[in-house]
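S.K.: File name upload_35.pdb; file contents PDB, C-alpha atoms; full text below.
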ATOM      1  CA  MET I   1    -125.248  82.918 121.142  1.00  0.00           C
ATOM      2  CA  ASN I   2    -122.010  83.928 122.833  1.00  0.00           C
ATOM      3  CA  ALA I   3    -121.227  84.423 126.515  1.00  0.00           C
ATOM      4  CA  THR I   4    -118.002  85.401 128.191  1.00  0.00           C
ATOM      5  CA  LEU I   5    -116.307  83.302 130.842  1.00  0.00           C
ATOM      6  CA  THR I   6    -117.068  86.071 133.333  1.00  0.00           C
ATOM      7  CA  GLU I   7    -120.796  85.853 132.495  1.00  0.00           C
ATOM      8  CA  VAL I   8    -120.696  82.087 133.037  1.00  0.00           C
ATOM      9  CA  SER I   9    -119.336  82.508 136.560  1.00  0.00           C
ATOM     10  CA  ARG I  10    -121.546  85.476 137.460  1.00  0.00           C
ATOM     11  CA  ASN I  11    -124.818  84.471 135.812  1.00  0.00           C
ATOM     12  CA  THR I  12    -124.707  80.761 135.039  1.00  0.00           C
ATOM     13  CA  LYS I  13    -128.485  80.316 134.853  1.00  0.00           C
ATOM     14  CA  ARG I  14    -128.890  83.038 132.212  1.00  0.00           C
ATOM     15  CA  VAL I  15    -126.069  81.583 130.086  1.00  0.00           C
ATOM     16  CA  PHE I  16    -127.594  78.105 130.199  1.00  0.00           C
ATOM     17  CA  ARG I  17    -131.176  79.196 129.422  1.00  0.00           C
ATOM     18  CA  PRO I  18    -130.715  79.100 125.601  1.00  0.00           C
ATOM     19  CA  VAL I  19    -129.042  75.690 125.934  1.00  0.00           C
ATOM     20  CA  GLN I  20    -132.137  74.420 127.748  1.00  0.00           C
ATOM     21  CA  ASN I  21    -134.151  75.726 124.771  1.00  0.00           C
ATOM     22  CA  GLY I  22    -132.019  73.778 122.288  1.00  0.00           C
ATOM     23  CA  GLN I  23    -129.516  76.475 121.278  1.00  0.00           C
ATOM     24  CA  PRO I  24    -125.741  75.988 121.666  1.00  0.00           C
ATOM     25  CA  VAL I  25    -123.770  78.712 123.417  1.00  0.00           C
ATOM     26  CA  GLN I  26    -120.157  79.612 122.660  1.00  0.00           C
ATOM     27  CA  ILE I  27    -118.034  80.638 125.623  1.00  0.00           C
ATOM     28  CA  THR I  28    -115.422  83.282 124.913  1.00  0.00           C
ATOM     29  CA  GLU I  29    -112.516  84.764 126.811  1.00  0.00           C
ATOM     30  CA  HIS I  30    -110.777  87.920 125.582  1.00  0.00           C
ATOM     31  CA  GLY I  31    -112.742  87.611 122.322  1.00  0.00           C
ATOM     32  CA  LYS I  32    -111.631  84.058 121.564  1.00  0.00           C
ATOM     33  CA  THR I  33    -113.979  81.071 121.653  1.00  0.00           C
ATOM     34  CA  ILE I  34    -112.735  78.594 124.248  1.00  0.00           C
ATOM     35  CA  ALA I  35    -115.715  76.218 124.583  1.00  0.00           C
ATOM     36  CA  ARG I  36    -119.127  75.383 123.286  1.00  0.00           C
ATOM     37  CA  ILE I  37    -122.055  74.216 125.405  1.00  0.00           C
ATOM     38  CA  SER I  38    -124.502  72.056 123.445  1.00  0.00           C
ATOM     39  CA  PRO I  39    -127.924  70.813 124.493  1.00  0.00           C
ATOM     40  CA  ASP I  40    -128.182  67.201 125.549  1.00  0.00           C
ATOM     41  CA  TYR I  41    -131.290  66.131 123.643  1.00  0.00           C
ATOM     42  CA  PRO I  42    -133.420  63.224 124.756  1.00  0.00           C
ATOM     43  CA  THR I  43    -132.759  60.326 122.392  1.00  0.00           C
ATOM     44  CA  VAL I  44    -135.258  57.849 121.010  1.00  0.00           C
ATOM     45  CA  THR I  45    -134.704  54.912 118.700  1.00  0.00           C
ATOM     46  CA  MET I  46    -137.494  54.724 116.147  1.00  0.00           C
ATOM     47  CA  SER I  47    -138.528  52.297 113.485  1.00  0.00           C
ATOM     48  CA  PRO I  48    -138.642  53.728 109.957  1.00  0.00           C
ATOM     49  CA  GLU I  49    -142.453  53.473 110.040  1.00  0.00           C
ATOM     50  CA  GLU I  50    -142.667  55.489 113.262  1.00  0.00           C
ATOM     51  CA  PHE I  51    -140.429  58.131 111.718  1.00  0.00           C
ATOM     52  CA  ARG I  52    -142.537  58.253 108.546  1.00  0.00           C
ATOM     53  CA  ALA I  53    -145.636  58.885 110.638  1.00  0.00           C
ATOM     54  CA  LEU I  54    -144.081  61.912 112.383  1.00  0.00           C
ATOM     55  CA  PRO I  55    -145.517  65.206 111.198  1.00  0.00           C
ATOM     56  CA  ILE I  56    -142.420  67.200 110.159  1.00  0.00           C
ATOM     57  CA  SER I  57    -142.517  70.032 107.622  1.00  0.00           C
ATOM     58  CA  ASP I  58    -140.310  69.801 104.522  1.00  0.00           C
ATOM     59  CA  GLU I  59    -138.232  72.721 105.747  1.00  0.00           C
ATOM     60  CA  ASP I  60    -137.694  71.260 109.224  1.00  0.00           C
ATOM     61  CA  LEU I  61    -136.853  67.876 107.744  1.00  0.00           C
ATOM     62  CA  ASN I  62    -134.319  69.387 105.336  1.00  0.00           C
ATOM     63  CA  ASN I  63    -132.695  71.298 108.185  1.00  0.00           C
ATOM     64  CA  ALA I  64    -132.582  68.190 110.369  1.00  0.00           C
ATOM     65  CA  ILE I  65    -131.004  66.123 107.576  1.00  0.00           C
ATOM     66  CA  ASN I  66    -128.422  68.794 106.724  1.00  0.00           C
ATOM     67  CA  LYS I  67    -127.425  69.116 110.371  1.00  0.00           C
ATOM     68  CA  ALA I  68    -127.251  65.339 110.860  1.00  0.00           C
ATOM     69  CA  ILE I  69    -125.080  64.848 107.761  1.00  0.00           C
ATOM     70  CA  ALA I  70    -122.762  67.644 108.884  1.00  0.00           C
ATOM     71  CA  GLU I  71    -122.447  66.013 112.310  1.00  0.00           C
ATOM     72  CA  SER I  72    -121.817  62.590 110.800  1.00  0.00           C
ATOM     73  CA  ARG I  73    -118.931  64.072 108.795  1.00  0.00           C
ATOM     74  CA  GLN I  74    -117.191  65.441 111.889  1.00  0.00           C
TER      75      GLN I  74
ATOM     76  CA  MET D   1    -129.380  64.040  80.901  1.00  0.00           C
ATOM     77  CA  THR D   2    -129.953  62.559  84.311  1.00  0.00           C
ATOM     78  CA  ALA D   3    -129.944  63.747  87.899  1.00  0.00           C
ATOM     79  CA  TYR D   4    -127.503  63.231  90.741  1.00  0.00           C
ATOM     80  CA  LEU D   5    -129.036  62.431  94.134  1.00  0.00           C
ATOM     81  CA  ASP D   6    -126.859  63.190  97.128  1.00  0.00           C
ATOM     82  CA  THR D   7    -127.198  61.546 100.551  1.00  0.00           C
ATOM     83  CA  SER D   8    -129.783  64.050 101.780  1.00  0.00           C
ATOM     84  CA  ALA D   9    -132.035  63.401  98.773  1.00  0.00           C
ATOM     85  CA  LEU D  10    -131.790  59.664  99.345  1.00  0.00           C
ATOM     86  CA  ILE D  11    -132.728  60.076 103.016  1.00  0.00           C
ATOM     87  CA  ARG D  12    -135.796  62.034 101.868  1.00  0.00           C
ATOM     88  CA  ALA D  13    -136.586  59.208  99.414  1.00  0.00           C
ATOM     89  CA  TRP D  14    -136.193  56.656 102.216  1.00  0.00           C
ATOM     90  CA  ARG D  15    -138.681  58.547 104.410  1.00  0.00           C
ATOM     91  CA  LEU D  16    -141.164  58.474 101.510  1.00  0.00           C
ATOM     92  CA  LYS D  17    -140.398  54.780 100.984  1.00  0.00           C
ATOM     93  CA  VAL D  18    -139.351  55.520  97.414  1.00  0.00           C
ATOM     94  CA  ALA D  19    -136.487  53.815  95.566  1.00  0.00           C
ATOM     95  CA  PRO D  20    -135.432  56.199  92.762  1.00  0.00           C
ATOM     96  CA  LYS D  21    -134.531  54.381  89.548  1.00  0.00           C
ATOM     97  CA  GLY D  22    -131.722  55.168  87.137  1.00  0.00           C
ATOM     98  CA  TYR D  23    -130.349  58.284  88.810  1.00  0.00           C
ATOM     99  CA  VAL D  24    -126.736  58.779  89.747  1.00  0.00           C
ATOM    100  CA  THR D  25    -125.070  58.749  93.151  1.00  0.00           C
ATOM    101  CA  ARG D  26    -121.698  57.621  94.475  1.00  0.00           C
ATOM    102  CA  SER D  27    -120.783  54.715  96.757  1.00  0.00           C
ATOM    103  CA  HIS D  28    -119.845  57.137  99.513  1.00  0.00           C
ATOM    104  CA  SER D  29    -123.535  58.124  99.788  1.00  0.00           C
ATOM    105  CA  LEU D  30    -124.251  54.646 101.155  1.00  0.00           C
ATOM    106  CA  ALA D  31    -121.854  55.200 104.052  1.00  0.00           C
ATOM    107  CA  GLU D  32    -123.200  58.709 104.688  1.00  0.00           C
ATOM    108  CA  PHE D  33    -126.767  57.393 104.652  1.00  0.00           C
ATOM    109  CA  TYR D  34    -125.935  54.708 107.220  1.00  0.00           C
ATOM    110  CA  SER D  35    -123.838  57.040 109.337  1.00  0.00           C
ATOM    111  CA  THR D  36    -126.547  59.729 109.404  1.00  0.00           C
ATOM    112  CA  LEU D  37    -129.397  57.383 110.324  1.00  0.00           C
ATOM    113  CA  THR D  38    -127.504  55.536 113.038  1.00  0.00           C
ATOM    114  CA  GLY D  39    -125.958  58.763 114.380  1.00  0.00           C
ATOM    115  CA  GLY D  40    -129.415  60.292 114.488  1.00  0.00           C
ATOM    116  CA  LEU D  41    -131.112  63.500 113.504  1.00  0.00           C
ATOM    117  CA  THR D  42    -132.705  66.113 115.695  1.00  0.00           C
ATOM    118  CA  ALA D  43    -136.349  67.036 115.240  1.00  0.00           C
ATOM    119  CA  ARG D  44    -139.079  68.542 117.385  1.00  0.00           C
ATOM    120  CA  ILE D  45    -141.446  65.925 118.791  1.00  0.00           C
ATOM    121  CA  ALA D  46    -144.388  67.217 120.822  1.00  0.00           C
ATOM    122  CA  GLY D  47    -142.542  70.505 121.246  1.00  0.00           C
ATOM    123  CA  VAL D  48    -139.317  68.923 122.481  1.00  0.00           C
ATOM    124  CA  GLU D  49    -136.091  68.826 120.459  1.00  0.00           C
ATOM    125  CA  THR D  50    -135.351  65.119 120.283  1.00  0.00           C
ATOM    126  CA  ARG D  51    -132.543  63.044 118.864  1.00  0.00           C
ATOM    127  CA  ILE D  52    -134.061  60.352 116.635  1.00  0.00           C
ATOM    128  CA  LYS D  53    -131.849  57.357 115.955  1.00  0.00           C
ATOM    129  CA  PHE D  54    -132.370  54.257 113.873  1.00  0.00           C
ATOM    130  CA  THR D  55    -130.948  50.813 114.498  1.00  0.00           C
ATOM    131  CA  PRO D  56    -127.965  49.695 112.401  1.00  0.00           C
ATOM    132  CA  ARG D  57    -130.182  46.956 110.998  1.00  0.00           C
ATOM    133  CA  ASP D  58    -132.879  49.435 109.857  1.00  0.00           C
ATOM    134  CA  ALA D  59    -130.222  51.765 108.409  1.00  0.00           C
ATOM    135  CA  ALA D  60    -128.599  48.950 106.428  1.00  0.00           C
ATOM    136  CA  GLN D  61    -131.961  47.663 105.226  1.00  0.00           C
ATOM    137  CA  GLY D  62    -133.051  51.203 104.319  1.00  0.00           C
ATOM    138  CA  ALA D  63    -129.891  51.705 102.280  1.00  0.00           C
ATOM    139  CA  ARG D  64    -130.393  48.392 100.478  1.00  0.00           C
ATOM    140  CA  GLU D  65    -133.980  49.303  99.539  1.00  0.00           C
ATOM    141  CA  THR D  66    -133.518  52.988  98.759  1.00  0.00           C
ATOM    142  CA  PHE D  67    -130.350  52.623  96.662  1.00  0.00           C
ATOM    143  CA  SER D  68    -131.514  49.501  94.812  1.00  0.00           C
ATOM    144  CA  GLY D  69    -132.204  51.306  91.528  1.00  0.00           C
ATOM    145  CA  MET D  70    -129.391  53.867  91.696  1.00  0.00           C
ATOM    146  CA  ASP D  71    -126.594  54.082  89.159  1.00  0.00           C
ATOM    147  CA  PHE D  72    -123.312  54.253  91.117  1.00  0.00           C
ATOM    148  CA  LYS D  73    -120.522  56.400  89.676  1.00  0.00           C
ATOM    149  CA  ASP D  74    -117.245  57.115  91.410  1.00  0.00           C
ATOM    150  CA  LEU D  75    -114.028  59.041  90.909  1.00  0.00           C
ATOM    151  CA  THR D  76    -110.744  57.235  90.418  1.00  0.00           C
ATOM    152  CA  PRO D  77    -107.920  58.066  92.859  1.00  0.00           C
ATOM    153  CA  VAL D  78    -106.318  60.272  90.185  1.00  0.00           C
ATOM    154  CA  GLN D  79    -109.602  62.128  89.618  1.00  0.00           C
ATOM    155  CA  THR D  80    -110.044  62.483  93.386  1.00  0.00           C
ATOM    156  CA  LEU D  81    -106.580  64.026  93.716  1.00  0.00           C
ATOM    157  CA  ALA D  82    -107.416  66.429  90.884  1.00  0.00           C
ATOM    158  CA  GLN D  83    -110.526  67.485  92.834  1.00  0.00           C
ATOM    159  CA  LEU D  84    -108.379  68.110  95.918  1.00  0.00           C
ATOM    160  CA  ASP D  85    -106.259  70.485  93.817  1.00  0.00           C
ATOM    161  CA  ILE D  86    -109.425  72.285  92.750  1.00  0.00           C
ATOM    162  CA  ALA D  87    -110.570  72.385  96.382  1.00  0.00           C
ATOM    163  CA  ALA D  88    -107.260  73.904  97.439  1.00  0.00           C
ATOM    164  CA  LYS D  89    -107.515  76.574  94.717  1.00  0.00           C
ATOM    165  CA  LYS D  90    -111.070  77.417  95.783  1.00  0.00           C
ATOM    166  CA  ASN D  91    -110.058  77.353  99.463  1.00  0.00           C
ATOM    167  CA  ILE D  92    -112.681  74.705 100.213  1.00  0.00           C
ATOM    168  CA  GLN D  93    -112.059  73.409 103.714  1.00  0.00           C
ATOM    169  CA  SER D  94    -113.194  70.798 106.186  1.00  0.00           C
ATOM    170  CA  ALA D  95    -116.315  68.731 105.448  1.00  0.00           C
ATOM    171  CA  ASN D  96    -117.261  70.872 102.421  1.00  0.00           C
ATOM    172  CA  ILE D  97    -114.893  68.652 100.434  1.00  0.00           C
ATOM    173  CA  HIS D  98    -117.604  65.981 100.457  1.00  0.00           C
ATOM    174  CA  ASP D  99    -120.027  68.269  98.599  1.00  0.00           C
ATOM    175  CA  LEU D 100    -117.313  69.043  96.052  1.00  0.00           C
ATOM    176  CA  MET D 101    -116.812  65.316  95.465  1.00  0.00           C
ATOM    177  CA  HIS D 102    -120.552  64.741  95.025  1.00  0.00           C
ATOM    178  CA  ALA D 103    -120.669  67.646  92.543  1.00  0.00           C
ATOM    179  CA  ALA D 104    -117.608  66.351  90.665  1.00  0.00           C
ATOM    180  CA  VAL D 105    -119.237  62.957  90.122  1.00  0.00           C
ATOM    181  CA  ALA D 106    -122.456  64.658  88.984  1.00  0.00           C
ATOM    182  CA  THR D 107    -120.563  66.746  86.421  1.00  0.00           C
ATOM    183  CA  GLN D 108    -118.430  63.842  85.237  1.00  0.00           C
ATOM    184  CA  SER D 109    -121.526  61.658  84.796  1.00  0.00           C
ATOM    185  CA  GLY D 110    -123.266  64.245  82.633  1.00  0.00           C
ATOM    186  CA  CYS D 111    -125.969  65.057  85.168  1.00  0.00           C
ATOM    187  CA  SER D 112    -127.975  68.204  84.524  1.00  0.00           C
ATOM    188  CA  GLU D 113    -128.975  68.731  88.151  1.00  0.00           C
ATOM    189  CA  ILE D 114    -128.126  67.802  91.719  1.00  0.00           C
ATOM    190  CA  VAL D 115    -130.986  66.871  94.011  1.00  0.00           C
ATOM    191  CA  THR D 116    -130.142  67.927  97.556  1.00  0.00           C
ATOM    192  CA  THR D 117    -131.555  69.548 100.674  1.00  0.00           C
ATOM    193  CA  ASN D 118    -128.305  71.452 100.997  1.00  0.00           C
ATOM    194  CA  GLU D 119    -128.536  74.161  98.337  1.00  0.00           C
ATOM    195  CA  LYS D 120    -126.544  76.557 100.504  1.00  0.00           C
ATOM    196  CA  HIS D 121    -123.345  74.502 100.492  1.00  0.00           C
ATOM    197  CA  PHE D 122    -123.638  73.077  96.972  1.00  0.00           C
ATOM    198  CA  LYS D 123    -123.926  76.609  95.559  1.00  0.00           C
ATOM    199  CA  LEU D 124    -120.323  77.095  96.673  1.00  0.00           C
ATOM    200  CA  VAL D 125    -118.982  74.131  94.705  1.00  0.00           C
ATOM    201  CA  THR D 126    -121.064  73.761  91.515  1.00  0.00           C
ATOM    202  CA  LYS D 127    -122.917  75.637  88.827  1.00  0.00           C
ATOM    203  CA  LEU D 128    -125.272  72.724  88.134  1.00  0.00           C
ATOM    204  CA  LYS D 129    -128.980  73.280  88.771  1.00  0.00           C
ATOM    205  CA  LEU D 130    -129.946  72.415  92.362  1.00  0.00           C
ATOM    206  CA  THR D 131    -133.330  70.833  93.020  1.00  0.00           C
ATOM    207  CA  ASP D 132    -135.106  70.235  96.325  1.00  0.00           C
ATOM    208  CA  PRO D 133    -135.798  66.519  96.893  1.00  0.00           C
ATOM    209  CA  ALA D 134    -139.481  67.108  97.705  1.00  0.00           C
ATOM    210  CA  ASP D 135    -140.032  68.722  94.274  1.00  0.00           C
ATOM    211  CA  PHE D 136    -137.935  66.131  92.456  1.00  0.00           C
ATOM    212  CA  LEU D 137    -139.462  63.065  94.118  1.00  0.00           C
ATOM    213  CA  ALA D 138    -143.000  64.366  93.565  1.00  0.00           C
ATOM    214  CA  LYS D 139    -142.330  64.545  89.803  1.00  0.00           C
ATOM    215  CA  HIS D 140    -140.482  61.255  89.393  1.00  0.00           C
TER     216      HIS D 140
END
Would you kindly transcribe this structure into structure tokens?
M.R.:
Amino acid sequence: MNATLTEVSRNTKRVFRPVQNGQPVQITEHGKTIARISPDYPTVTMSPEEFRALPISDEDLNNAINKAIAESRQ
Amino acid sequence: MTAYLDTSALIRAWRLKVAPKGYVTRSHSLAEFYSTLTGGLTARIAGVETRIKFTPRDAAQGARETFSGMDFKDLTPVQTLAQLDIAAKKNIQSANIHDLMHAAVATQSGCSEIVTTNEKHFKLVTKLKLTDPADFLAKH
């Protein structure tokens, strides 16, 4: 999702709502992206066995792995 | 003909507690595996997007177990530079170079398929068959 700098100052709560739901928001000014607001997820450290017991669909797991690898390469 | 398993496929194997035997990967996959598990991945737990991290010790141990039967193949520096030329011609940029390198090792090693969760990006860099890890690991 995109929001302009003007929208951030006029309607901050609306701009941040998607972030609270886990979606990043790109902030633009005059059509150019100037910032990105990302959700701050709660973090847990798990044992491999705890992770293996988590019910995650194949599709969700693939997406999570692809995203994590992409982040680790940055 | 054998199969090439990229980092994502080996993370799937690790979750299933499977150590694939005799398939090809490259040394760099070890570092990516460790980096991804210690950096964490985001999944929904009880309806909440949560960052799940693993300790460095568990990541290192997981790599040791999961990669124990893998056949490591790597590019020489000259071959790597040749791949960079190919990347430049194809206008491959940023982190996509890593997928190109995985695909180059797969091709050079005579693999008939690449096992990966990332079909979308590999499609851009190889014509080899792409197989989802869940399907591959269920059959092997």
S.K.: For the PyMOL selection byres ((chain D) within 6 of (chain I)), applied here, can you spell out every residue it catches as a ChimeraX atom specification?
M.R.: /D:15,36,41-42,50-54,117
S.K.: Got time to write the residues from that selection, C-alpha atoms, as a tab-separated table (two decimals), keeping the file's coordinate frame?
M.R.:
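File result-v4.tsv, as written:
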chain	number	residue	atom	x	y	z
D	15	ARG	CA	-138.68	58.55	104.41
D	36	THR	CA	-126.55	59.73	109.40
D	41	LEU	CA	-131.11	63.50	113.50
D	42	THR	CA	-132.71	66.11	115.70
D	50	THR	CA	-135.35	65.12	120.28
D	51	ARG	CA	-132.54	63.04	118.86
D	52	ILE	CA	-134.06	60.35	116.64
D	53	LYS	CA	-131.85	57.36	115.96
D	54	PHE	CA	-132.37	54.26	113.87
D	117	THR	CA	-131.56	69.55	100.67
S.K.: Could you pull the residues within 7 Å of Leu130 (chain D), counting only C-alpha atoms, minus those fewer than 4 positions along the same chain, as a ChimeraX atom specification?
M.R.: /D:113-116,119
S.K.: Tell me which residues come within 10 Å of (-123.8, 86.8, 119.2), as a ChimeraX atom specification, counting only C-alpha atoms in the file's coordinates.
M.R.: /I:1-3,25-26
S.K.: Which residues match the PyMOL selection byres ((chain D and resi 20) around 12) in the file above, as a PyMOL selection string?
M.R.: chain D and resi 2-6+9-14+16-19+21-25+63+65-71+115+133+136-140
S.K.: Show which residues sit within 8 Å of Gly110 (chain D), as a VMD selection string. Count all atoms listed in the file, and ignore same-chain residues fewer than 2 positions away.
M.R.: chain D and resid 1 to 2 106 to 108 112
S.K.: Grab the residues selected above and save them as a compact mmCIF listing (two decimals), keeping the file's coordinate frame with C-alpha atoms.
M.R.:
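File produced: result.txt:
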# COMPACT_ATOMS: atom_id res chain seq x y z
CA MET D 1 -129.38 64.04 80.90
CA THR D 2 -129.95 62.56 84.31
CA ALA D 106 -122.46 64.66 88.98
CA THR D 107 -120.56 66.75 86.42
CA GLN D 108 -118.43 63.84 85.24
CA SER D 112 -127.98 68.20 84.52
S.K.: Suppose you want the space between CA of Tyr34 (chain D) and CA of Asp99 (chain D); what is it in Å?
M.R.: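 According to the coordinates, CA of Tyr34 (chain D) and CA of Asp99 (chain D) are separated by 17.1 Å.
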S.K.: So that I can see what lies close to Leu100 (chain D), please list as a PyMOL selection string the residues with an atom at most 10 Å from it, counting only C-alpha atoms and leaving out residues fewer than 2 positions away in the same chain.
M.R.: chain D and resi 83-84+86-87+92+95-98+102-106+121-122+124-126
S.K.: Counting all atoms listed in the file, which residues come within 6 Å of (-116.9, 55.9, 92.4), with the point read in the file's coordinates, and could you list them as JSON, numbers by chain?
M.R.: {"D": [26, 27, 73, 74, 75]}
S.K.: Do you have the CA of Ile37 (chain I)-CA of Gln23 (chain I) distance handy?
M.R.: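 According to the coordinates, CA of Ile37 (chain I) and CA of Gln23 (chain I) are separated by 8.8 Å.
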S.K.: What does the structure give for the distance between CA of His30 (chain I) and CA of Thr4 (chain I), in Å to one decimal?
M.R.: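 Separating CA of His30 (chain I) from CA of Thr4 (chain I) is a distance of 8.1 Å.
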S.K.: If you take every atom of region 16-19 of chain I that the file lists and fit an axis-aligned box around them with 4 Å extra on each side, what centre and edge lengths come out in Å to one decimal, as AutoDock Vina command-line options?
M.R.:
--center_x -129.4 --center_y 77.4 --center_z 127.9 --size_x 11.6 --size_y 11.5 --size_z 12.6
